[in-house]
Amino acid sequence: MENPNKNNSSLKAVIAVLAVLLIGSLVYIFKLSSDSDVVKTELTSTLTEKESVMKDLQELKATYDAAIAENTSMSDELIQERDKVVALMDDLNKSKGDVSKFRSQVQGLQTKMKTLVAENDELKKQNGVLTVQRDSTIVVLGESKKFNEVLVGQNEALSKTVEKGSKLSVLNTKTAAYKLKSSGKQIETDKASRADVLKVSFTIAENQIAKSGDKTYYVQVIDSKNNVLGDKKTESFGDNSLTYSFKTTVQYENKTVNVSEDLPGKDFEKGTYFINIFDGGELVSKTSFSLR
């Protein structure tokens with residue numbers, strides 16, 4: 001028969017071993033649980049940091065998109081920086097570990113963005129000022145153009161007025177037939193058979209703005225049978241030609257001048273005579289008279 005004391009000692013030894021094993025298991029399980037919590041905490045922290053960095057990158061991209069949409073002269077440089085942000089977002093999406101390296105890159109991109117956006121805003125202000133100045137210049141130029149057009153119109157009208165005003169007026173044109181006596185005396189007559197000479201007279205009016213100097217007038221006398229009397233010479237004025245009876249040159253000094261010229265002839269026709277006076281190719285006076 002076995003010794004009861006010996007059995008109790010063995011049982012105690014087994015219980016002690018089991019107790020040690022149980023405590024070791026509990027310690028191991030606790031350690032595993034703690035390690036799992038640490039890993040979970042680190043993973044959660046990593047995911048939260050990644051989301052934060054991604055959010056910053058998205059905000060950077062949105063800022064660049066808005067600045068690029070304004071279409072300034074800096075658009076190319078802004079597009080280049082935005083493309084860097086997009087590339088970093090792709091790299092961040094692919095990463096599965098530490099994202100701290102991305103944070104430093106984001107900070108660099110943010111600093112660059114602030115500089116470029118500030119420059120872009122300043123450029124917009126300058127463009128705004130230039131636009132206002134340009135619009136003001138366009139308005140001023142438009143007003144100046146209108147004013148110049150008015151002045152040109154006024155000058156043209158004034159030139160025409162001066163030109164018109166500077167033309168000499170021929171007044172009091174008269175013609176009569178005379179009988180020439182042997183004594184040289186001339187006796188006015190209205191009979192064609194008695195007439196020896198036709199006397200043509202007219203007055204050049206005073207004009208202070210006209211050009212002074214020699215003035216030549218062409219006198220055309222046409223009888224009742226439509227014949228031009230006198231020299232019957234022809235003068236061309238541009239596309240027109242004039243057959244005249246005689247011409248007379250007058251020294252004009254801006255004062256009134258009376259002109260009188262004789263047109264000798266014989267066998268004058270009965271009927272109405274027409275007298276036209278031309279300044280160059282322009283008819284400036286006319287009259288008529290009749291012989292019986």
# chains A, B, ... in the order shown; residues from 1 in each chain; ligands from 1
>>> select_by_dssp(residues="region 125-209 of chain A", states="alpha helix (DSSP H)", output="ChimeraX atom specification")
/A:125-166
>>> residues_around(residues="Leu180 (chain A)", least_positions_apart="2", cutoff="10 Å", atoms="only C-alpha atoms", output="list in words")
Ala177, Tyr178, Ser182, Ser183, Gly184, Lys185, Gln186, Ile187, Glu188, Arg194, Ala195, Asp196, Val197 and Pro264 of chain A
>>> write_last_selection(atoms="C-alpha atoms", output="PDB file, in the first residue's frame")
ATOM      1  CA  ALA A 177     -23.862 148.929-129.548  1.00  0.00           C
ATOM      2  CA  TYR A 178     -22.269 152.178-130.685  1.00  0.00           C
ATOM      3  CA  SER A 182     -15.067 160.185-137.703  1.00  0.00           C
ATOM      4  CA  SER A 183     -14.227 162.392-134.753  1.00  0.00           C
ATOM      5  CA  GLY A 184     -13.785 159.288-132.640  1.00  0.00           C
ATOM      6  CA  LYS A 185     -16.910 159.952-130.670  1.00  0.00           C
ATOM      7  CA  GLN A 186     -19.114 156.936-129.979  1.00  0.00           C
ATOM      8  CA  ILE A 187     -22.885 157.259-130.162  1.00  0.00           C
ATOM      9  CA  GLU A 188     -25.045 154.534-128.659  1.00  0.00           C
ATOM     10  CA  ARG A 194     -25.562 151.522-137.630  1.00  0.00           C
ATOM     11  CA  ALA A 195     -23.428 149.614-135.127  1.00  0.00           C
ATOM     12  CA  ASP A 196     -19.635 149.619-135.499  1.00  0.00           C
ATOM     13  CA  VAL A 197     -18.635 148.358-132.072  1.00  0.00           C
ATOM     14  CA  PRO A 264     -15.320 146.052-133.181  1.00  0.00           C
TER      15      PRO A 264
END
>>> residues_around(residues="Leu229 (chain A)", least_positions_apart="5", cutoff="10 Å", atoms="only C-alpha atoms", output="PyMOL selection string")
chain A and resi 220-223+243-246+263-265+268
>>> atom_distance(atom1="CA of Ser75 (chain A)", atom2="CA of Arg103 (chain A)")
25.8 Å
>>> closest_residue(among="A:Glu149, A:Glu81, A:Asp214, A:Asp56", to="Val257 (chain A)", atoms="only C-alpha atoms")
A:Asp214
